[in-house]
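Student: A single structure is presented below for examination.
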Amino acid sequence: MSAADTHATEPVTGGRPLAPPPAAHRSAVPGRGRTGRRTRQSRSLPYLLITPALVIMAGVLGYPLVDTVVLSFQDERRGNLWLHTSPPWVGFDQYTSVLTDSEFWHVVLRTFLFVAGCVFFTMVLGLLVALLMQRVSDWVRLMMTSVMITVWAMPLLVSSSIFKFMFDSDYGLVDQLLTRLPGVDYTGHNWFLNPTSGLTIIAILVIWGAIPFIAISLYSALTQVPKELEEAARIDGARGIGIFRFVTFPVIKPVFVMTTTLSVIWDFGVLGQILLMRNNLPEQDYQLLGLYAYVQAFTVNSFSRSAAISIITVLLLSCFSIYYLRQLLKIGEVE
Amino acid sequence: MKRKLIAAIGVATMIAGVAACGGSDKKDDKAAQTPADRTGTVTVWLMAESQTAWPELVKNTTAEFKAKYPKVNLKIQYQQWSDKVQKLDASLAGSSAPDVVELGNTETMTYILNGALAEVDKKQFANSATWIKGLEDTCTYQGKLYCVPYYAGARVAIYNADDFKAATGSDQLPTTEDALTAALDKVEAKKGSDKTYSPLYLPGQYWYAAMSYVKAYGGAIATTDGSKWTASLETPQAQQGIQHFIDLVKKYNHGDQTKDETDHANVMAHGKAGLIYGNGWEAGSVITPPTGNAKLKDAIKTATMPGPNGKALPSFIGGSDLAVVSKSKVQDLAKEFIADYTDEKNEATLVTKATLPNNTTQLEPMKANPATAAAANAVPDAWFTPIAPGWASIEKQGILKTMLLDILKGKSVADATKAADDKINSLINNAS
Amino acid sequence: MSTAAKVTYRSKKKSRAGWNVLGLITFVIMGFPVYWMIITALRPSQEILSYHQKLYPSSVTFDQFKRAIDMPNFWDNVKSSVIISLFSVVIAIGIGLLAAYAIGRFRFWGRRGLMIALLLVQMIPATSMLVPIYIQLNDLGGLNEYWGVIAVYAASTLPFSVWMLRGFIINIPRELEESAMVDGCSQMAAFRRVVLPLLAPGLVAAAIYALMTAWNEYLFAYVLLQDNDKYTLSIWLLKFTGQRGTDYGALMAGSILIALPVVFFFLLVQRKVAAGLTAGAVKG
């Protein structure tokens, strides 16, 4: 929907045949048809409500965001930073040098594959766990949520250490267990020698670590699905998948779309897990975008190049998530 | 690139000059004050070892410093190796940088060249005439001194004397490499039933060891003509050294050959290694609980590591330096703290912790003690990574590790060294 | 719950056993690394990096916990973590709820822009903005202050909590609120009495998210805080790793100590959520 939503008092007319919203929701614009004083109050109310959030975010991120953009058109190095000398302007040089670097595109491709795999499995498994949590007895649910909270509460340093030594080539549990299978010898098998296998292990760590958040968020969304609605659908003859598709999913869709988007964003920025699993010195083949930008800033020592990579990352991500963005806005408009 | 380097040097010297002027101005001011009246805050960043391995040093120095400057607030803040660089880089850009900072000796050059460190006067520090040259070099730029050596570490052979005795009849480590390999073969034969036991546990990505063999054959990572550095891993000598190292790894390491040296002490503690090439203090790690194995207490010994050509293997000399940040407003106090902290008494305490002191005067007696002799003896022949503007970046990107890993995966030594040289050349002269 | 639902509930009891088994399998798979953390903390250090891994410890020791607690500054850092996390949570759900309500219930100029901005902000790799953020807080005087770290955490969790809570708000029928307003409640009162209870699960999700971020984050906390006694627990944890090797046993013991309060907090709110949910079901 275009500009319609920017006019506060204009009721949103339909036009999205796929998901016609209940009329009652649309007509209920607060303040409408009440006294003039009230309308004015209602008009300023939303701004008042968002002010504290805006102040905090602008206060912390305002300058850094502007600075990142500015930096990407300069050539700032540590000397400039420390001695407060202004770095030279280089126009689009940082961007052209990044974009023409074949290594960068390898990193991008690797990142896309990694993120796609992680997000897919995180969301599917997370949703399944959430649905399962709805169906189990209370005591099982409590066990499940407790373990998930514990997983979530595990510091990255610890979960990475655990995965690292579960998959260690010399004293890893996984190798030793696999070797016990008849006909299999995994003694001394190094999972990280081959970057694909290594990144798969890291992906498992990422997925395992992300499931609790997804499952708990989706489960809390599922609790909003009115039981009567599902029962009614059941009485009407709808079964399993049908109920989920037409009754359950539409209700949890906002949360689902949002958590998917967040997963994409977070998995794009995966960094700590790789650093910790690779002894702080990840090989070239393990570089993903988040790590790449970080390495450029703190080991190659070019803050400007790092800034340019960050901005390219944001642009790539926005292209990638344009579908989600539209979905989100659509949901936002339709309500 | 060269222009950039010259510019950086220019800025660095200029800043050093400015800092020196600023320093002297302040000194004039403060000379009027007695030490007891001095106020202010001195912030010191020390690495975690100063808190966990040798807390006595901080205790001694704090007491001394407080006695002289009762009104000065001395803040010791402990840092972690893994993320210190980020914190230091950020804080040098802001207004609350520390006054004294500990730097690994391969990190110093970046900070010196970018004007982050203040010049210091050698005469102010104890035993500075006999500082270990390898360490002092990491603090020196164009004849000026920008930091103070703190402690050193050299690598030695750490071996399980019981295993050697059972196989060869002697609990002494052979002194030549030929005799050593013969002994290792015997240890191997004796322990043959344990497939995970390595007579010599030399991890494949252990580049400090690999470069020691390069050095032993007369090669180097990079050479300089005085202004520009060029990588030299492709030279026949260097390739020979790398090949020699790889051969040893492949023949005697029966664990995972592609690891780095992070946990070789643990391998030995589990009785899975006859010999490792490690830091002098790692002999202690092998036998000290919680992670070490106290049962090996009498078996673990250190010796000089024999190298090719009948000589000892030249060791890398690692260590830490202490520097005064050029932005510091209390540079005189900061220097005085460093002087107190690296005094003879504190360095002597380090000696008791199997850590090498910063000077040869105090190193000499260590040669008489069998536990520390090997490490102390390694110092005169020790080598150091290129003191080049871009070295820290090369090390942090793990270029040498990648090279060794590629060779283990099947790449030829010639191709791998060529690739590494190209990478090194693109970074080594780059000041920031 | 209605009687009809109860009937089906009983008839479904049989199939529930199957779900329970699946639930327990999930529990085991998700929990295995947790189990490994716990037994690593309890077993003698020698067994941790062993060549013969066993699924259970040969003997149980609490040495590692003792070593962990004896590390300097433990209790100071507990205090820091509690203060920082508490404020981060309160800000994330308090201020986040206000903004979410505005976005979810009102049409105002800039709403769409705000939503996109909230999303975009999260896309920038935060670690590469470390230095600019440091400089920003340096200028604001927030270095080495709890509020500086709290502000950074709030800024990074607010987008999420706003989006999350908005998702809940738009699912609450507006008629509920309207009828309350017709009954004479002001909009704020209607919000408090009607909307808030229905939001409980969303608030809990947002609160847990904010708590986890504040409790586990360490890079920004490490860079922004300076005094040893102001560090948070996740920085304290790094003391077990260092140049001289990693003390895995104490590291695991330390992280169990750190994780416990969070799990406890969750179990505490869990009951409240359950209560909130049934209340919502009756009204809905």
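Just so we're on the same page: first chain in the structure tokens is A, next is B, and so on; residues restart at 1 for each chain, and ligands are numbered from 1 in the order they show up.
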Considering only C-alpha atoms, give me a table of residues in chain C that are at most 10 Å from chain B, with the closest atom pair and distance in Å for each, as a tab-separated table.
Tutor:
residue	atom	partner	partner_atom	distance
C:Pro44	CA	B:Pro290	CA	7.9
C:Ser45	CA	B:Pro290	CA	5.5
C:Gln46	CA	B:Thr291	CA	6.0
C:Glu47	CA	B:Thr291	CA	9.2
C:Ile48	CA	B:Thr291	CA	8.6
C:Leu49	CA	B:Asn266	CA	7.5
C:Ser50	CA	B:His270	CA	7.2
C:Tyr51	CA	B:His270	CA	7.9
C:Asp63	CA	B:Pro290	CA	9.2
C:Gln64	CA	B:Pro290	CA	8.7
C:Arg67	CA	B:Pro290	CA	9.8
C:Met71	CA	B:Thr52	CA	9.0
C:Pro72	CA	B:Gln51	CA	8.8
C:Thr127	CA	B:Gln86	CA	9.6
C:Leu130	CA	B:Ala90	CA	7.6
C:Val131	CA	B:Ala90	CA	5.1
C:Pro132	CA	B:Ala90	CA	8.2
C:Ile133	CA	B:Ala90	CA	9.1
C:Tyr134	CA	B:Ala90	CA	6.4
C:Ile135	CA	B:Gly94	CA	5.7
C:Gln136	CA	B:Gly94	CA	9.0
C:Leu137	CA	B:Gly94	CA	9.2
C:Asn138	CA	B:Gly94	CA	6.1
C:Asp139	CA	B:Gly94	CA	8.1
C:Gly141	CA	B:Ser95	CA	9.9
C:Leu143	CA	B:Ser96	CA	8.2
C:Asn144	CA	B:Ser96	CA	9.5
C:Tyr218	CA	B:Asp83	CA	9.9
C:Leu219	CA	B:Asp83	CA	7.5
C:Phe220	CA	B:Lys87	CA	9.0
C:Tyr222	CA	B:Lys87	CA	7.5
C:Val223	CA	B:Lys87	CA	4.8
C:Leu224	CA	B:Lys87	CA	8.0
C:Leu225	CA	B:Lys87	CA	9.7
C:Gln226	CA	B:Gln77	CA	6.9
C:Asp227	CA	B:Gln77	CA	6.1
C:Asn228	CA	B:Gln77	CA	5.8
C:Asp229	CA	B:Gln77	CA	9.3
C:Ile235	CA	B:Gln80	CA	8.9
C:Leu238	CA	B:Gln80	CA	7.2
C:Lys239	CA	B:Ala48	CA	7.1
C:Phe240	CA	B:Ala48	CA	9.7
C:Thr241	CA	B:Gln80	CA	8.6
C:Gly242	CA	B:Trp81	CA	6.8
C:Gln243	CA	B:Trp81	CA	7.2
C:Arg244	CA	B:Ser285	CA	8.0
C:Gly245	CA	B:Thr262	CA	7.1
C:Thr246	CA	B:Thr291	CA	8.5
C:Asp247	CA	B:Thr291	CA	6.7
C:Tyr248	CA	B:Thr291	CA	8.4
C:Gly249	CA	B:Pro290	CA	8.4
C:Ala250	CA	B:Pro290	CA	9.3
Student: Now that the selection is made, can you save its residues with C-alpha atoms as a PDB file, in the first residue's frame?
Tutor:
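The result, stored in selection22.pdb:
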ATOM      1  CA  PRO C  44      38.286 -33.722  37.489  1.00  0.00           C
ATOM      2  CA  SER C  45      40.194 -31.407  35.112  1.00  0.00           C
ATOM      3  CA  GLN C  46      42.338 -34.260  33.892  1.00  0.00           C
ATOM      4  CA  GLU C  47      39.317 -35.933  32.330  1.00  0.00           C
ATOM      5  CA  ILE C  48      38.179 -32.945  30.308  1.00  0.00           C
ATOM      6  CA  LEU C  49      40.527 -33.102  27.338  1.00  0.00           C
ATOM      7  CA  SER C  50      40.910 -36.825  27.581  1.00  0.00           C
ATOM      8  CA  TYR C  51      41.643 -39.275  24.798  1.00  0.00           C
ATOM      9  CA  ASP C  63      36.873 -27.722  42.898  1.00  0.00           C
ATOM     10  CA  GLN C  64      36.153 -25.972  39.648  1.00  0.00           C
ATOM     11  CA  ARG C  67      38.297 -21.939  41.689  1.00  0.00           C
ATOM     12  CA  MET C  71      38.730 -15.472  40.944  1.00  0.00           C
ATOM     13  CA  PRO C  72      39.168 -11.794  41.758  1.00  0.00           C
ATOM     14  CA  THR C 127      31.385  -4.813  15.744  1.00  0.00           C
ATOM     15  CA  LEU C 130      32.799  -0.370  17.705  1.00  0.00           C
ATOM     16  CA  VAL C 131      35.145   2.562  17.349  1.00  0.00           C
ATOM     17  CA  PRO C 132      32.517   5.190  16.375  1.00  0.00           C
ATOM     18  CA  ILE C 133      30.251   4.034  19.190  1.00  0.00           C
ATOM     19  CA  TYR C 134      33.148   4.294  21.594  1.00  0.00           C
ATOM     20  CA  ILE C 135      33.847   7.843  20.431  1.00  0.00           C
ATOM     21  CA  GLN C 136      30.179   8.747  20.738  1.00  0.00           C
ATOM     22  CA  LEU C 137      30.028   7.558  24.344  1.00  0.00           C
ATOM     23  CA  ASN C 138      33.334   9.205  25.042  1.00  0.00           C
ATOM     24  CA  ASP C 139      31.801  12.521  23.962  1.00  0.00           C
ATOM     25  CA  GLY C 141      30.706  11.003  29.059  1.00  0.00           C
ATOM     26  CA  LEU C 143      32.685   5.607  29.293  1.00  0.00           C
ATOM     27  CA  ASN C 144      33.272   3.471  32.344  1.00  0.00           C
ATOM     28  CA  TYR C 218      31.065  -8.926  26.303  1.00  0.00           C
ATOM     29  CA  LEU C 219      32.872  -7.046  23.548  1.00  0.00           C
ATOM     30  CA  PHE C 220      31.122  -3.701  24.026  1.00  0.00           C
ATOM     31  CA  TYR C 222      34.775  -4.858  27.761  1.00  0.00           C
ATOM     32  CA  VAL C 223      35.666  -1.919  25.557  1.00  0.00           C
ATOM     33  CA  LEU C 224      33.378   0.617  27.254  1.00  0.00           C
ATOM     34  CA  LEU C 225      34.027  -0.297  30.874  1.00  0.00           C
ATOM     35  CA  GLN C 226      37.447   0.235  32.362  1.00  0.00           C
ATOM     36  CA  ASP C 227      37.619  -0.530  36.065  1.00  0.00           C
ATOM     37  CA  ASN C 228      38.107  -4.181  36.956  1.00  0.00           C
ATOM     38  CA  ASP C 229      35.267  -4.044  39.444  1.00  0.00           C
ATOM     39  CA  ILE C 235      34.159 -10.383  30.862  1.00  0.00           C
ATOM     40  CA  LEU C 238      37.354 -14.582  29.940  1.00  0.00           C
ATOM     41  CA  LYS C 239      39.818 -14.861  32.797  1.00  0.00           C
ATOM     42  CA  PHE C 240      39.746 -18.611  32.365  1.00  0.00           C
ATOM     43  CA  THR C 241      41.184 -18.381  28.897  1.00  0.00           C
ATOM     44  CA  GLY C 242      44.491 -16.819  28.235  1.00  0.00           C
ATOM     45  CA  GLN C 243      47.896 -17.128  26.739  1.00  0.00           C
ATOM     46  CA  ARG C 244      48.750 -19.769  29.259  1.00  0.00           C
ATOM     47  CA  GLY C 245      45.996 -22.135  28.234  1.00  0.00           C
ATOM     48  CA  THR C 246      42.309 -22.416  28.962  1.00  0.00           C
ATOM     49  CA  ASP C 247      41.016 -23.781  32.234  1.00  0.00           C
ATOM     50  CA  TYR C 248      37.973 -25.498  30.742  1.00  0.00           C
ATOM     51  CA  GLY C 249      36.678 -26.892  34.024  1.00  0.00           C
ATOM     52  CA  ALA C 250      36.569 -23.523  35.728  1.00  0.00           C
TER      53      ALA C 250
END
Student: Compile the residues of chain B that lie within 7 Å of chain A, evaluated using only C-alpha atoms, and express the compilation as a ChimeraX atom specification.
Tutor: /B:86,92-93,114-116,255-256,393,396-398,402,432
Student: Between CA of Val149 in chain C and CA of Lys230 in chain C, measure the distance and give it in Å to one decimal.
Tutor: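 Going from CA of Val149 in chain C over to CA of Lys230 in chain C, I get 10.8 Å.
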Student: So which residues of range 227-301 of chain B fall under alpha helix (DSSP H) by DSSP, listed as a list in words?
Tutor: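 Taking range 227-301 of chain B and keeping alpha helix (DSSP H) gives Pro236, Gln237, Ala238, Gln239, Gln240, Gly241, Ile242, Gln243, His244, Phe245, Ile246, Asp247, Leu248, Val249, Lys250, Lys251, Tyr252, His264, Ala265, Asn266, Val267, Met268, Ala269, Glu282, Ala283, Gly284, Ser285, Val286 and Ile287 of chain B.
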Student: To one decimal place, how far is CA of Ile214 in chain A from CA of Asn20 in chain C in Å?
Tutor: 20.1 Å
Student: Identify which of the residues A:Arg135, A:Arg278, A:Arg239, A:Arg180 lies closest to Thr223 in chain A, counting only C-alpha atoms when measuring atom-to-atom distances.
Tutor: A:Arg135
Student: To one decimal place, how far is CA of Asn73 in chain B from CA of Asp76 in chain C in Å?
Tutor: 19.8 Å
Student: For Thr96 in chain A, find every residue with an atom within 12 Å (counting only C-alpha atoms), except residues of its own chain fewer than 3 positions away, and show them as number ranges by chain.
Tutor: A: 72-73, 90-93, 99-102, 104, 305, 308-309, 312
Student: So which residues touch Gly31 in chain C within 9 Å, counting only C-alpha atoms, skipping near sequence neighbours fewer than 4 positions away, as a PyMOL selection string?
Tutor: (chain A and resi 144+147-148+150-151) or (chain C and resi 26-27+35-36)
Student: So which residues touch Phe245 in chain B within 9 Å, counting only C-alpha atoms, skipping near sequence neighbours fewer than 2 positions away, as a ChimeraX atom specification?
Tutor: /B:202,204,209-214,240-243,247-250
Student: Find the residue from C:Leu86, C:Val60, C:Ile95, C:Ala189 that sits nearest to chain A; use only C-alpha atoms when measuring.
Tutor: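 That would be C:Ile95, the residue with the smallest distance to chain A.
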Student: Quick one: everything within 6 Å of range 273-278 of chain B, counting only C-alpha atoms, minus sequence neighbours fewer than 2 positions away in the same chain. Send it as a PyMOL selection string.
Tutor: chain B and resi 155-160+197-201+268+271
